[in-house]
Each structure stands twice: as C-alpha cells, then as structure tokens.
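Reproduced below: structure_1.cif, with mmCIF, C-alpha atoms and all ligand atoms.
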data_entry
loop_
_atom_site.label_atom_id
_atom_site.label_comp_id
_atom_site.auth_asym_id
_atom_site.auth_seq_id
_atom_site.Cartn_x
_atom_site.Cartn_y
_atom_site.Cartn_z
CA MET H 1 -14.33 -3.25 -41.92
CA THR H 2 -15.67 -6.33 -40.24
CA THR H 3 -18.21 -5.45 -37.53
CA PHE H 4 -18.31 -7.57 -34.40
CA HIS H 5 -21.15 -8.44 -32.09
CA GLU H 6 -20.61 -6.34 -28.93
CA ARG H 7 -19.58 -8.48 -25.99
CA VAL H 8 -17.98 -7.64 -22.63
CA PHE H 9 -15.31 -9.76 -20.95
CA SER H 10 -13.35 -9.15 -17.78
CA GLY H 11 -11.48 -11.11 -15.14
CA VAL H 12 -10.44 -10.89 -11.52
CA GLN H 13 -7.68 -13.00 -9.98
CA PRO H 14 -8.60 -15.19 -7.01
CA THR H 15 -5.63 -14.05 -4.96
CA GLY H 16 -7.41 -13.02 -1.75
CA ASN H 17 -8.03 -9.65 -0.06
CA LEU H 18 -10.52 -8.33 -2.61
CA HIS H 19 -10.49 -4.60 -1.98
CA LEU H 20 -12.07 -1.26 -2.76
CA GLY H 21 -9.84 -0.83 -5.84
CA ASN H 22 -11.15 -4.06 -7.33
CA TYR H 23 -14.68 -3.01 -6.48
CA LEU H 24 -14.59 0.58 -7.79
CA GLY H 25 -12.12 0.02 -10.63
CA ALA H 26 -13.70 -3.13 -11.97
CA ILE H 27 -16.66 -4.84 -10.30
CA THR H 28 -19.05 -1.83 -10.22
CA LYS H 29 -18.37 -1.39 -13.94
CA PHE H 30 -19.16 -5.06 -14.53
CA VAL H 31 -22.51 -4.58 -12.82
CA ALA H 32 -23.48 -1.51 -14.88
CA LEU H 33 -22.58 -3.10 -18.23
CA GLN H 34 -25.10 -5.88 -17.69
CA ASN H 35 -27.89 -3.53 -18.74
CA THR H 36 -26.46 -2.83 -22.17
CA HIS H 37 -24.24 -5.78 -23.11
CA GLU H 38 -23.85 -9.52 -23.14
CA CYS H 39 -21.20 -10.07 -20.43
CA LEU H 40 -18.75 -12.76 -19.36
CA TYR H 41 -17.08 -12.36 -15.95
CA CYS H 42 -14.28 -14.74 -15.16
CA VAL H 43 -12.42 -15.74 -12.03
CA VAL H 44 -8.97 -16.10 -13.57
CA ASP H 45 -7.48 -18.97 -11.59
CA LEU H 46 -4.92 -19.81 -14.30
CA HIS H 47 -3.55 -16.30 -13.85
CA ALA H 48 -3.37 -16.76 -10.09
CA ILE H 49 -0.93 -19.69 -10.34
CA THR H 50 1.68 -17.53 -12.08
CA VAL H 51 2.84 -17.04 -8.49
CA ALA H 52 2.76 -19.75 -5.79
CA GLN H 53 -0.70 -20.61 -4.39
CA ASP H 54 -1.78 -22.90 -1.59
CA PRO H 55 -4.43 -25.22 -3.13
CA ALA H 56 -6.89 -24.95 -0.23
CA VAL H 57 -6.58 -21.16 -0.10
CA LEU H 58 -6.91 -20.89 -3.88
CA LYS H 59 -10.18 -22.82 -3.81
CA SER H 60 -11.55 -20.58 -1.11
CA ASN H 61 -10.42 -17.45 -2.99
CA ILE H 62 -12.13 -18.61 -6.20
CA ARG H 63 -15.37 -18.91 -4.25
CA GLU H 64 -14.80 -15.54 -2.60
CA VAL H 65 -14.46 -13.68 -5.91
CA THR H 66 -17.53 -15.46 -7.28
CA ALA H 67 -19.49 -14.50 -4.16
CA ALA H 68 -18.31 -10.90 -4.51
CA PHE H 69 -19.51 -10.76 -8.12
CA ILE H 70 -22.95 -11.99 -7.10
CA ALA H 71 -23.16 -9.85 -3.94
CA ALA H 72 -22.26 -6.74 -5.97
CA GLY H 73 -25.17 -7.41 -8.31
CA ILE H 74 -23.90 -9.54 -11.19
CA ASP H 75 -26.66 -11.86 -12.37
CA PRO H 76 -25.12 -15.23 -13.24
CA LYS H 77 -28.27 -16.36 -15.03
CA ALA H 78 -28.59 -13.39 -17.37
CA HIS H 79 -24.81 -13.29 -17.95
CA ILE H 80 -21.91 -15.74 -17.64
CA VAL H 81 -19.86 -16.14 -14.45
CA PHE H 82 -17.23 -18.87 -14.40
CA ASN H 83 -13.67 -19.78 -13.49
CA GLN H 84 -11.06 -19.85 -16.21
CA SER H 85 -9.63 -23.34 -15.64
CA GLN H 86 -12.98 -24.95 -16.51
CA VAL H 87 -12.75 -23.72 -20.09
CA ALA H 88 -9.63 -25.28 -21.59
CA GLU H 89 -9.80 -23.08 -24.70
CA HIS H 90 -8.30 -20.15 -22.74
CA ALA H 91 -5.02 -22.01 -22.29
CA GLU H 92 -5.19 -23.46 -25.79
CA LEU H 93 -5.53 -20.06 -27.46
CA ALA H 94 -2.88 -18.63 -25.13
CA TRP H 95 -0.36 -21.09 -26.60
CA ILE H 96 -1.20 -19.92 -30.09
CA PHE H 97 -0.83 -16.31 -28.95
CA ASN H 98 2.58 -17.17 -27.49
CA CYS H 99 3.53 -17.85 -31.09
CA VAL H 100 1.99 -14.57 -32.32
CA ALA H 101 3.27 -12.15 -29.66
CA ARG H 102 6.91 -11.08 -29.86
CA MET H 103 9.47 -11.24 -27.04
CA GLY H 104 10.04 -7.50 -27.49
CA TRP H 105 6.38 -6.80 -26.75
CA LEU H 106 6.36 -8.80 -23.53
CA ASN H 107 9.69 -7.33 -22.43
CA ARG H 108 7.98 -3.95 -22.22
CA MET H 109 5.29 -5.05 -19.74
CA THR H 110 5.70 -3.03 -16.55
CA GLN H 111 3.56 -5.35 -14.41
CA PHE H 112 5.98 -8.23 -15.04
CA LYS H 113 8.91 -6.04 -14.05
CA GLU H 114 7.15 -5.01 -10.84
CA LYS H 115 5.98 -8.49 -9.91
CA ALA H 116 9.18 -10.29 -10.84
CA GLY H 117 11.25 -7.69 -8.96
CA LYS H 118 14.99 -8.11 -8.77
CA ASP H 119 14.99 -11.88 -8.96
CA ARG H 120 13.73 -12.15 -12.53
CA GLU H 121 15.60 -15.42 -13.17
CA ASN H 122 13.39 -17.04 -10.59
CA ALA H 123 10.02 -15.76 -11.88
CA SER H 124 7.78 -18.38 -13.50
CA VAL H 125 7.53 -18.54 -17.27
CA GLY H 126 3.81 -18.14 -16.69
CA LEU H 127 4.28 -14.76 -15.00
CA TYR H 128 6.16 -13.58 -18.09
CA ALA H 129 3.56 -14.98 -20.51
CA TYR H 130 0.64 -13.77 -18.37
CA PRO H 131 -0.46 -11.07 -20.89
CA THR H 132 -0.82 -13.58 -23.75
CA LEU H 133 -3.21 -15.61 -21.57
CA MET H 134 -5.10 -12.42 -20.79
CA ALA H 135 -5.38 -11.69 -24.52
CA ALA H 136 -6.67 -15.23 -25.05
CA ASP H 137 -9.29 -14.78 -22.27
CA ILE H 138 -10.75 -11.83 -24.13
CA LEU H 139 -10.31 -12.95 -27.71
CA ILE H 140 -11.50 -16.55 -27.33
CA TYR H 141 -14.93 -14.88 -27.01
CA ARG H 142 -14.09 -12.23 -29.60
CA ALA H 143 -15.07 -9.76 -26.88
CA THR H 144 -15.18 -6.09 -27.90
CA HIS H 145 -15.21 -4.28 -24.53
CA VAL H 146 -13.12 -4.86 -21.42
CA PRO H 147 -13.82 -2.97 -18.16
CA VAL H 148 -10.62 -2.81 -16.08
CA GLY H 149 -8.67 -0.56 -13.74
CA GLU H 150 -5.94 1.71 -15.07
CA ASP H 151 -3.20 -0.81 -14.19
CA GLN H 152 -4.41 -3.15 -16.96
CA LYS H 153 -4.19 -0.63 -19.78
CA GLN H 154 -0.86 -1.86 -21.08
CA HIS H 155 -2.07 -5.47 -21.12
CA LEU H 156 -5.11 -4.41 -23.14
CA GLU H 157 -2.85 -2.68 -25.65
CA LEU H 158 -0.92 -5.92 -26.00
CA ALA H 159 -4.17 -7.83 -26.59
CA ARG H 160 -5.00 -5.38 -29.38
CA ASP H 161 -1.54 -5.86 -30.91
CA ILE H 162 -1.95 -9.63 -30.81
CA ALA H 163 -5.40 -9.44 -32.43
CA GLN H 164 -4.05 -7.20 -35.15
CA LYS H 165 -0.97 -9.31 -35.87
CA PHE H 166 -3.07 -12.47 -36.04
CA ASN H 167 -5.49 -10.76 -38.43
CA ASN H 168 -2.60 -9.54 -40.61
CA ASP H 169 -0.49 -12.69 -40.57
CA PHE H 170 -3.43 -14.91 -41.51
CA ALA H 171 -5.42 -12.42 -43.60
CA GLN H 172 -5.61 -14.70 -46.63
CA SER H 173 -6.64 -17.73 -44.62
CA ILE H 174 -9.18 -15.71 -42.61
CA ALA H 175 -10.82 -14.63 -45.86
CA ASN H 176 -10.64 -18.16 -47.28
CA CYS H 177 -12.35 -19.51 -44.17
CA GLY H 178 -15.21 -17.05 -44.71
CA PHE H 179 -14.46 -14.56 -41.92
CA GLY H 180 -13.93 -11.52 -44.12
CA GLU H 181 -11.14 -9.08 -43.30
CA ALA H 182 -10.55 -9.83 -39.63
CA PHE H 183 -11.22 -12.71 -37.28
CA PHE H 184 -10.51 -10.95 -33.98
CA PRO H 185 -11.93 -7.57 -32.94
CA GLN H 186 -9.73 -4.87 -31.38
CA PRO H 187 -10.92 -5.11 -27.77
CA GLU H 188 -11.57 -1.71 -26.25
CA PRO H 189 -10.57 -0.97 -22.66
CA LEU H 190 -13.26 0.71 -20.56
CA ILE H 191 -11.34 2.73 -17.96
CA GLN H 192 -13.53 5.57 -16.75
CA GLY H 193 -14.66 7.54 -13.74
CA PRO H 194 -13.02 8.90 -10.58
CA ALA H 195 -11.60 5.60 -9.25
CA THR H 196 -9.71 3.85 -12.05
CA ARG H 197 -6.62 3.77 -9.85
CA VAL H 198 -7.43 3.65 -6.14
CA MET H 199 -4.33 4.29 -4.06
CA SER H 200 -3.16 2.85 -0.74
CA LEU H 201 -4.74 4.49 2.31
CA ARG H 202 -1.25 4.65 3.86
CA ASP H 203 0.68 6.02 0.89
CA GLY H 204 -0.92 8.01 -1.91
CA SER H 205 1.88 7.11 -4.31
CA LYS H 206 1.21 3.36 -4.13
CA LYS H 207 -1.68 1.48 -5.71
CA MET H 208 -4.14 -0.18 -3.32
CA SER H 209 -3.24 -3.84 -3.69
CA LYS H 210 -4.10 -7.30 -2.44
CA SER H 211 -0.50 -8.01 -1.58
CA ASP H 212 0.33 -4.94 0.54
CA PRO H 213 1.48 -6.35 3.90
CA SER H 214 -0.42 -3.63 5.76
CA ASP H 215 -4.13 -4.35 6.03
CA TYR H 216 -4.58 -0.64 6.82
CA SER H 217 -3.54 0.15 3.25
CA ARG H 218 -6.84 -1.13 1.84
CA LEU H 219 -10.55 -1.47 2.50
CA ASN H 220 -11.31 -5.14 2.01
CA LEU H 221 -14.76 -6.07 0.74
CA SER H 222 -14.95 -8.40 3.74
CA ASP H 223 -14.35 -5.57 6.26
CA ASP H 224 -17.17 -4.83 8.70
CA ALA H 225 -18.35 -1.33 9.65
CA ASP H 226 -15.82 -1.02 12.50
CA ALA H 227 -12.88 -1.96 10.32
CA ILE H 228 -14.03 0.40 7.55
CA ALA H 229 -14.35 3.28 10.04
CA GLN H 230 -10.96 2.62 11.65
CA LYS H 231 -9.10 2.36 8.38
CA ILE H 232 -10.59 5.56 6.98
CA ARG H 233 -9.91 7.46 10.21
CA LYS H 234 -6.29 6.30 10.13
CA ALA H 235 -5.87 6.99 6.41
CA LYS H 236 -2.93 9.27 5.64
CA THR H 237 -3.83 12.88 4.83
CA ASP H 238 -2.10 16.25 4.82
CA PRO H 239 -2.74 19.18 7.18
CA GLU H 240 -4.54 21.42 4.64
CA ALA H 241 -8.30 21.80 4.28
CA LEU H 242 -9.91 20.36 1.15
CA PRO H 243 -9.69 22.59 -1.93
CA SER H 244 -12.77 23.80 -3.81
CA GLU H 245 -11.30 23.16 -7.26
CA LEU H 246 -9.79 20.09 -8.91
CA GLU H 247 -6.44 21.87 -9.46
CA GLY H 248 -6.05 22.08 -5.69
CA LEU H 249 -5.64 18.28 -5.56
CA ALA H 250 -2.75 18.25 -8.02
CA SER H 251 0.15 17.68 -5.63
CA ARG H 252 -1.90 16.10 -2.82
CA PRO H 253 -2.12 12.39 -3.69
CA GLU H 254 -3.78 11.29 -0.43
CA ALA H 255 -6.45 14.00 -0.61
CA ASP H 256 -7.00 13.26 -4.28
CA ASN H 257 -7.44 9.56 -3.51
CA LEU H 258 -10.01 10.06 -0.74
CA VAL H 259 -11.98 12.51 -2.87
CA GLY H 260 -11.93 10.03 -5.75
CA ILE H 261 -13.15 7.25 -3.47
CA TYR H 262 -15.94 9.43 -2.13
CA ALA H 263 -16.96 10.45 -5.65
CA ALA H 264 -17.03 6.88 -6.93
CA LEU H 265 -19.01 5.58 -3.94
CA ALA H 266 -21.51 8.46 -4.23
CA ASP H 267 -21.68 8.13 -8.03
CA LYS H 268 -20.59 11.75 -8.40
CA THR H 269 -17.62 13.51 -10.00
CA LYS H 270 -14.65 14.78 -7.99
CA GLU H 271 -15.79 18.33 -8.90
CA ASP H 272 -19.17 17.64 -7.25
CA VAL H 273 -17.45 16.40 -4.10
CA LEU H 274 -15.17 19.44 -3.90
CA ARG H 275 -18.14 21.74 -4.41
CA GLU H 276 -19.68 20.12 -1.35
CA PHE H 277 -16.58 19.76 0.85
CA GLY H 278 -14.23 22.53 -0.38
CA GLY H 279 -12.83 24.29 2.71
CA ALA H 280 -13.71 21.41 5.05
CA GLN H 281 -11.11 19.83 7.35
CA PHE H 282 -10.25 16.16 6.87
CA SER H 283 -11.87 15.20 10.17
CA GLY H 284 -15.30 16.21 8.85
CA PHE H 285 -14.72 14.82 5.37
CA LYS H 286 -13.50 11.50 6.76
CA ALA H 287 -16.57 11.19 8.96
CA ALA H 288 -18.78 11.66 5.89
CA LEU H 289 -16.66 9.15 3.97
CA VAL H 290 -16.99 6.59 6.77
CA ASP H 291 -20.79 6.90 6.69
CA LEU H 292 -20.89 6.59 2.92
CA ALA H 293 -18.47 3.66 2.79
CA VAL H 294 -20.31 1.77 5.50
CA VAL H 295 -23.65 2.24 3.72
CA LYS H 296 -22.29 1.23 0.31
CA LEU H 297 -19.79 -1.50 1.20
CA GLY H 298 -21.23 -2.98 4.40
CA PRO H 299 -24.18 -4.80 2.81
CA ILE H 300 -22.06 -6.12 -0.07
CA GLY H 301 -19.44 -7.49 2.29
CA ALA H 302 -22.08 -9.14 4.46
CA GLU H 303 -23.83 -10.65 1.45
CA MET H 304 -20.50 -11.85 0.03
CA LYS H 305 -19.68 -13.64 3.28
CA ARG H 306 -23.13 -15.22 3.38
CA ILE H 307 -23.00 -16.50 -0.23
CA GLN H 308 -19.42 -17.65 0.14
CA THR H 309 -20.34 -20.32 2.67
CA ASP H 310 -22.75 -21.99 0.23
CA HIS H 311 -20.20 -23.99 -1.72
CA ALA H 312 -22.80 -26.07 -3.53
CA TYR H 313 -24.49 -22.97 -4.90
CA ILE H 314 -21.27 -21.23 -5.94
CA ASP H 315 -19.78 -24.30 -7.55
CA ALA H 316 -23.04 -24.80 -9.52
CA VAL H 317 -22.93 -21.18 -10.72
CA LEU H 318 -19.34 -21.66 -11.92
CA LYS H 319 -20.07 -24.95 -13.65
CA ASP H 320 -23.15 -23.59 -15.39
CA GLY H 321 -21.24 -20.49 -16.48
CA ALA H 322 -18.33 -22.59 -17.74
CA ASP H 323 -20.68 -24.84 -19.72
CA ARG H 324 -22.16 -21.80 -21.45
CA ALA H 325 -18.80 -20.08 -21.98
CA ARG H 326 -17.33 -23.24 -23.48
CA ILE H 327 -19.90 -23.29 -26.27
CA ILE H 328 -18.71 -19.89 -27.51
CA ALA H 329 -15.05 -20.66 -26.89
CA ALA H 330 -15.14 -24.04 -28.66
CA GLU H 331 -16.72 -22.56 -31.77
CA ASN H 332 -14.07 -19.84 -31.97
CA MET H 333 -11.29 -22.34 -31.30
CA ARG H 334 -12.45 -24.49 -34.21
CA ALA H 335 -12.31 -21.40 -36.43
CA VAL H 336 -8.78 -20.57 -35.22
CA LYS H 337 -7.64 -24.11 -36.01
CA ASP H 338 -9.07 -23.85 -39.52
CA ILE H 339 -7.40 -20.47 -40.00
CA LEU H 340 -4.02 -21.83 -38.84
CA GLY H 341 -4.27 -24.90 -41.06
CA PHE H 342 -4.56 -27.54 -38.34
CA VAL H 343 -6.30 -30.77 -39.36
CA ARG H 344 -9.37 -31.51 -37.21
P1 LIG X 401 -6.68 -8.14 -9.87
O1 LIG X 401 -6.97 -8.13 -8.44
O2 LIG X 401 -5.27 -7.77 -10.19
O3 LIG X 401 -7.14 -9.37 -10.58
O4 LIG X 401 -7.56 -6.96 -10.49
C1 LIG X 401 -8.93 -7.11 -10.80
C2 LIG X 401 -9.46 -5.81 -11.39
O5 LIG X 401 -9.38 -4.77 -10.41
C3 LIG X 401 -8.67 -5.30 -12.60
O6 LIG X 401 -9.57 -4.74 -13.54
C4 LIG X 401 -7.78 -4.25 -12.01
O7 LIG X 401 -7.41 -3.27 -12.95
C5 LIG X 401 -8.67 -3.67 -10.94
N1 LIG X 401 -7.87 -3.06 -9.86
C6 LIG X 401 -6.96 -3.67 -9.07
N2 LIG X 401 -6.40 -2.82 -8.19
C7 LIG X 401 -6.98 -1.61 -8.43
C8 LIG X 401 -6.85 -0.31 -7.85
N3 LIG X 401 -6.01 -0.09 -6.84
N4 LIG X 401 -7.62 0.69 -8.35
C9 LIG X 401 -8.48 0.47 -9.38
N5 LIG X 401 -8.65 -0.73 -9.96
C10 LIG X 401 -7.92 -1.77 -9.51
N1 LIG X 402 -4.80 -9.28 -15.48
C1 LIG X 402 -6.01 -8.85 -14.84
C2 LIG X 402 -5.65 -8.29 -13.45
O1 LIG X 402 -4.75 -8.69 -12.81
C3 LIG X 402 -7.01 -9.96 -14.68
C4 LIG X 402 -7.42 -10.49 -16.02
C5 LIG X 402 -7.05 -11.68 -16.55
C6 LIG X 402 -8.25 -9.85 -16.96
N2 LIG X 402 -7.63 -11.86 -17.78
C7 LIG X 402 -8.36 -10.74 -18.06
C8 LIG X 402 -8.89 -8.63 -16.99
C9 LIG X 402 -9.08 -10.41 -19.20
C10 LIG X 402 -9.62 -8.30 -18.15
C11 LIG X 402 -9.70 -9.19 -19.23
O2 LIG X 402 -6.29 -7.44 -12.96
#
Please lay out the structure from this file as structure tokens.
Amino acid sequence: MTTFHERVFSGVQPTGNLHLGNYLGAITKFVALQNTHECLYCVVDLHAITVAQDPAVLKSNIREVTAAFIAAGIDPKAHIVFNQSQVAEHAELAWIFNCVARMGWLNRMTQFKEKAGKDRENASVGLYAYPTLMAADILIYRATHVPVGEDQKQHLELARDIAQKFNNDFAQSIANCGFGEAFFPQPEPLIQGPATRVMSLRDGSKKMSKSDPSDYSRLNLSDDADAIAQKIRKAKTDPEALPSELEGLASRPEADNLVGIYAALADKTKEDVLREFGGAQFSGFKAALVDLAVVKLGPIGAEMKRIQTDHAYIDAVLKDGADRARIIAAENMRAVKDILGFVR
C-alpha cells in the first residue's frame, strides 16, 4: 500500500448568500483542521459558472467567500487560500478525468438531477461534468481528507472511484514512472458533528441553501444581530415542548434542526442540548438560540464585511495562495502526463 502525505482540500462556490449551513457544515471544520493538517481552501469559481453568473456579481462573491474564510479564522499565510481559476491545472486534470469517469457514474449524481430539474436538455455540459472537476480539485493536490457537508458525500464517492480507476487503468505506467502501486490517494470525506446538513428555517425537509428565494429560510453570514433574531424567532417549529432524549426528535425535523444548530454553535452534542432544554417551550429555547447565534455569528459577519471591502488585500491573498497551490499542482500534472504517455 502506498502511503500518502496527509493533506486537506475543500472548496466553496462563490454563488452568494453564504449561510449557516456553509459555516457549520464546512467552514468551521476548515478552521479546526488547520491545527493538525496542511490545508488548501479554494473558492471554486469554475464550479460557479456551471450555471449563469453576472461577471460583476461573481467577482464580488469570490471576494466575499475569501473574506468569510479569513473572518472565520483561516490563516492564509500558514495555509493556502485561493480561487480555482488561477490554477489552470484544475481544469486540465478535469479533462483527463472526463476520460476516466464513466457516463453511468455521472448519471447517478443526485445533485445534477436536482439542479438541472425538468429541463435537463438545457443544462450546461459543465453542470453535468461538475463532479469530475471536483475530483480534479482534490486529486491535483493528492489530498487525503476533504471536509464537506453531507450533500457532497456522493461527489466524494465519485472522486474515490475516479482515483481508483486511474490507479488501476495505469497501474503499469504508474509503477514504471516510479510512483509505486498508486498515484492518487482515496480521498476521505470528513462529515461529522451535529450540523452536517442544516435545514431551511422555514421547512425542515429542505436543505438550507443559497438559492432559496426566501431569505427567512437561512441565516446569512452577513446578517446583523436584528436579522438573526428575527429569522430565528420566525423559524418554523411544532407546538410540542423539546424532548429530553434524542429519540424524541425523530419525526420533528424543525426541532431537530434547531437543536442541531444550537449544538454546533455551542460546540456540544445534541444530547447535551436536550439535557439542558428538555421540557422547555420553543419560545425559551429560541431566545437562548438567538443569544448564542448573535454571539457566535455576529462578530464573524462584521469582520467578513470589513475585510471584504479591502479588495487589494483579498486579491493579494488569492494571488499568493494560487502561486503556492500551482507549485504543487504543476508537479502532479507533470507526473500525470508522464503516466498517460504524453510527450512534454
Ligand atoms: P456550496 O455553497 O454548495 O459551495 O457548499 C459549500 C460547503 O458547504 C460544502 O461543503 C457543502 O456541503 C456545505 N453546505 C452547503 N449547504 C449546507 C447545509 N445546508 N448544511 C450543511 N452543510 C452545507
Ligand atoms: N461541490 C462543492 C459544493 O458545492 C464545492 C466543491 C468544489 C468542493 N470542489 C470541491 C468541495 C472539492 C470539496 C472538495 O459544495
């Protein structure tokens, strides 16, 4: 078995309305992993254009995600923060992966089916091929660990399948080129904790998402204390008091969601939260959640907005990160070309 240097990679799309799901499902995990791993965090602008984007808005969204990373506590000097389009090797490896992945694999991707909707004929080819680019993002750095929300699990499985098929198809050449038994690692998804799938505040059966037309469905990272308080107070609940045991949340998606949010923000388990609030009415629990959310999210949102206005600083962070990412990516791309038999 080839052993790989441990490296973390993850990405967030610059598609506006960064929300609590992005923060709890992904960004807080990114922050924690900095203590134990070498990390690359990428603003995936090439993924964003799989659906129509206004160029001016896209640019502003790229800076917003970068500012959110930094405001949340990602250190762009100790680790690498950059936007995808500045490192051409992502797109280059994605093409190669388009020739490794099978149509049948991509046809199974539920996110494509959801995003393309009924009018599949009119979806971009990029939206269909999106998961091969995601696999390339990870594997161009031969990254071993990928913190993501639950919704990305299937895409991570596809990335593992691509890595494995590449390793199998080119096993002889990989060995001949001096890489032993495998060139790509099997990247491991890191999907843990009480908020891997944060649901809409208006409908506990729907994921909290950037594209929900109702702003009341999500807590945006840019929301101020008043907006946070209002949205939590208006969040859908049921008439029952909170249960004392986890089983009591089973058929209560809205209650389950709010408890999960509280737990993640307080860095506790859902069991801990129910021990504290079991038997309480939602009015009291929501008031506590408002206080907690304002304390935890308020400063990050304010800092994000402050950093976001400093374009020169943000653009320098992204360029520096891209320059450092490219060194790793270029070396791996040269190896892939040798493995495939390209002349260089
Ligand atoms: P995206 O906004 O689709 O680029 O997602 C960025 C990251 O946030 C990914 O790791 C997603 O899995 C995660 N994420 C998005 N929405 C949610 C949600 N509602 N709950 C938990 N994680 C989420
Ligand atoms: N597809 C991910 C999302 O929408 C974003 C993403 C792109 C990503 N490339 C990645 C996440 C690589 C992890 C690793 O949420």
* Spatial neighbours of Tyr128 (chain H), 10 Å, only C-alpha atoms, chain gap at least 6 places, as a PyMOL selection string -> chain H and resi 50+103+106-107+109+111-113+115-116+120
Do you have, as a tab-separated table, the list of residues of chain H lying at most 8 Å from ligand LIG 402 (chain X), each with its nearest atom pair and that distance in Å to one decimal, counting only C-alpha atoms and all ligand atoms and ordered by chain then number?
residue	atom	partner	partner_atom	distance
H:Phe9	CA	X:LIG402	C11	5.9
H:Ser10	CA	X:LIG402	C10	3.8
H:Gly11	CA	X:LIG402	C6	3.9
H:Val12	CA	X:LIG402	C3	4.8
H:Gln13	CA	X:LIG402	C3	5.6
H:Cys42	CA	X:LIG402	N2	7.7
H:Val44	CA	X:LIG402	C5	5.7
H:His47	CA	X:LIG402	C5	6.4
H:Tyr130	CA	X:LIG402	N1	7.6
H:Pro131	CA	X:LIG402	N1	7.2
H:Leu133	CA	X:LIG402	N2	6.9
H:Met134	CA	X:LIG402	N2	4.0
H:Ala135	CA	X:LIG402	C9	6.6
H:Ala136	CA	X:LIG402	C9	8.0
H:Asp137	CA	X:LIG402	C9	5.3
H:Ile138	CA	X:LIG402	C9	5.4
H:Val146	CA	X:LIG402	C10	5.9
H:Pro147	CA	X:LIG402	C10	6.8
H:Val148	CA	X:LIG402	C10	6.0
H:Gly149	CA	X:LIG402	O2	7.3
H:Asp151	CA	X:LIG402	O2	7.4
H:Gln152	CA	X:LIG402	O2	6.2
H:His155	CA	X:LIG402	N1	7.3
H:Leu156	CA	X:LIG402	C11	7.7
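Put simply, CA of Lys234 (chain H) is 24.7 Å away from atom P1 of ligand LIG 401 (chain X).
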Residues of chain H that approach ligand LIG 401 (chain X) to 9 Å or less, counting all atoms listed in the file: could you list each one with the shortest pair of atoms and its distance in Å to one decimal, rows by chain and increasing residue number, as a Markdown table?
| residue | atom | partner | partner_atom | distance |
| --- | --- | --- | --- | --- |
| H:Ser10 | CA | X:LIG401 | O6 | 7.2 |
| H:Gly11 | CA | X:LIG401 | C1 | 6.4 |
| H:Val12 | CA | X:LIG401 | O3 | 3.8 |
| H:Gln13 | CA | X:LIG401 | O3 | 3.7 |
| H:Pro14 | CA | X:LIG401 | O3 | 7.0 |
| H:Thr15 | CA | X:LIG401 | O1 | 7.0 |
| H:Gly16 | CA | X:LIG401 | O1 | 8.3 |
| H:Asn17 | CA | X:LIG401 | O1 | 8.6 |
| H:Leu18 | CA | X:LIG401 | O1 | 6.8 |
| H:His19 | CA | X:LIG401 | N2 | 7.6 |
| H:Leu20 | CA | X:LIG401 | C8 | 7.4 |
| H:Gly21 | CA | X:LIG401 | C8 | 3.6 |
| H:Asn22 | CA | X:LIG401 | O5 | 3.6 |
| H:Tyr23 | CA | X:LIG401 | O5 | 6.8 |
| H:Leu24 | CA | X:LIG401 | C9 | 6.3 |
| H:Gly25 | CA | X:LIG401 | N5 | 3.6 |
| H:Ala26 | CA | X:LIG401 | O6 | 4.7 |
| H:Ile27 | CA | X:LIG401 | O5 | 7.3 |
| H:Val43 | CA | X:LIG401 | O3 | 8.4 |
| H:Val44 | CA | X:LIG401 | O3 | 7.6 |
| H:His47 | CA | X:LIG401 | O3 | 8.5 |
| H:Ala48 | CA | X:LIG401 | O3 | 8.3 |
| H:Val146 | CA | X:LIG401 | O6 | 8.6 |
| H:Pro147 | CA | X:LIG401 | O6 | 6.5 |
| H:Val148 | CA | X:LIG401 | O6 | 3.4 |
| H:Gly149 | CA | X:LIG401 | O7 | 3.1 |
| H:Glu150 | CA | X:LIG401 | O7 | 5.6 |
| H:Asp151 | CA | X:LIG401 | O7 | 5.0 |
| H:Gln152 | CA | X:LIG401 | O7 | 5.0 |
| H:Lys153 | CA | X:LIG401 | O7 | 8.0 |
| H:Ile191 | CA | X:LIG401 | O7 | 8.7 |
| H:Ala195 | CA | X:LIG401 | C9 | 6.0 |
| H:Thr196 | CA | X:LIG401 | C9 | 4.5 |
| H:Arg197 | CA | X:LIG401 | N4 | 3.6 |
| H:Val198 | CA | X:LIG401 | N4 | 3.7 |
| H:Met199 | CA | X:LIG401 | N3 | 5.5 |
| H:Ser200 | CA | X:LIG401 | N3 | 7.3 |
| H:Lys206 | CA | X:LIG401 | N3 | 8.4 |
| H:Lys207 | CA | X:LIG401 | N3 | 4.7 |
| H:Met208 | CA | X:LIG401 | N3 | 4.0 |
| H:Ser209 | CA | X:LIG401 | N2 | 5.6 |
| H:Lys210 | CA | X:LIG401 | O1 | 6.7 |
| H:Arg218 | CA | X:LIG401 | N3 | 8.8 |
* Counting all atoms listed in the file, select every polymer residue within 6 Å of (-20.8, -14.8, -20.8) as defined in the file's coordinates, and provide the selection as a list in words. => Cys39, Leu40, His79, Ile80 and Ala325 of chain H
* CA of Asn168 (chain H) to CA of Arg344 (chain H): how many Å, to one decimal? ->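 Distance reported for this atom pair: 23.2 Å.
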Listed atoms of region 267-284 of chain H boxed axis-aligned with 4 Å per side, centre + edges as lines of an AutoDock Vina configuration file:
center_x = -16.0
center_y = 16.2
center_z = 0.1
size_x = 19.4
size_y = 24.2
size_z = 28.2
* **Nearby residues (all atoms listed in the file) at most 12 Å from Ala316 (chain H), same-chain spacing under 6 positions excluded, as a PyMOL selection string** => chain H and resi 63+66+76-77+81-83+310+322-323
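CA of Val259 (chain H) is positioned 12.4 Å from CA of Val290 (chain H).
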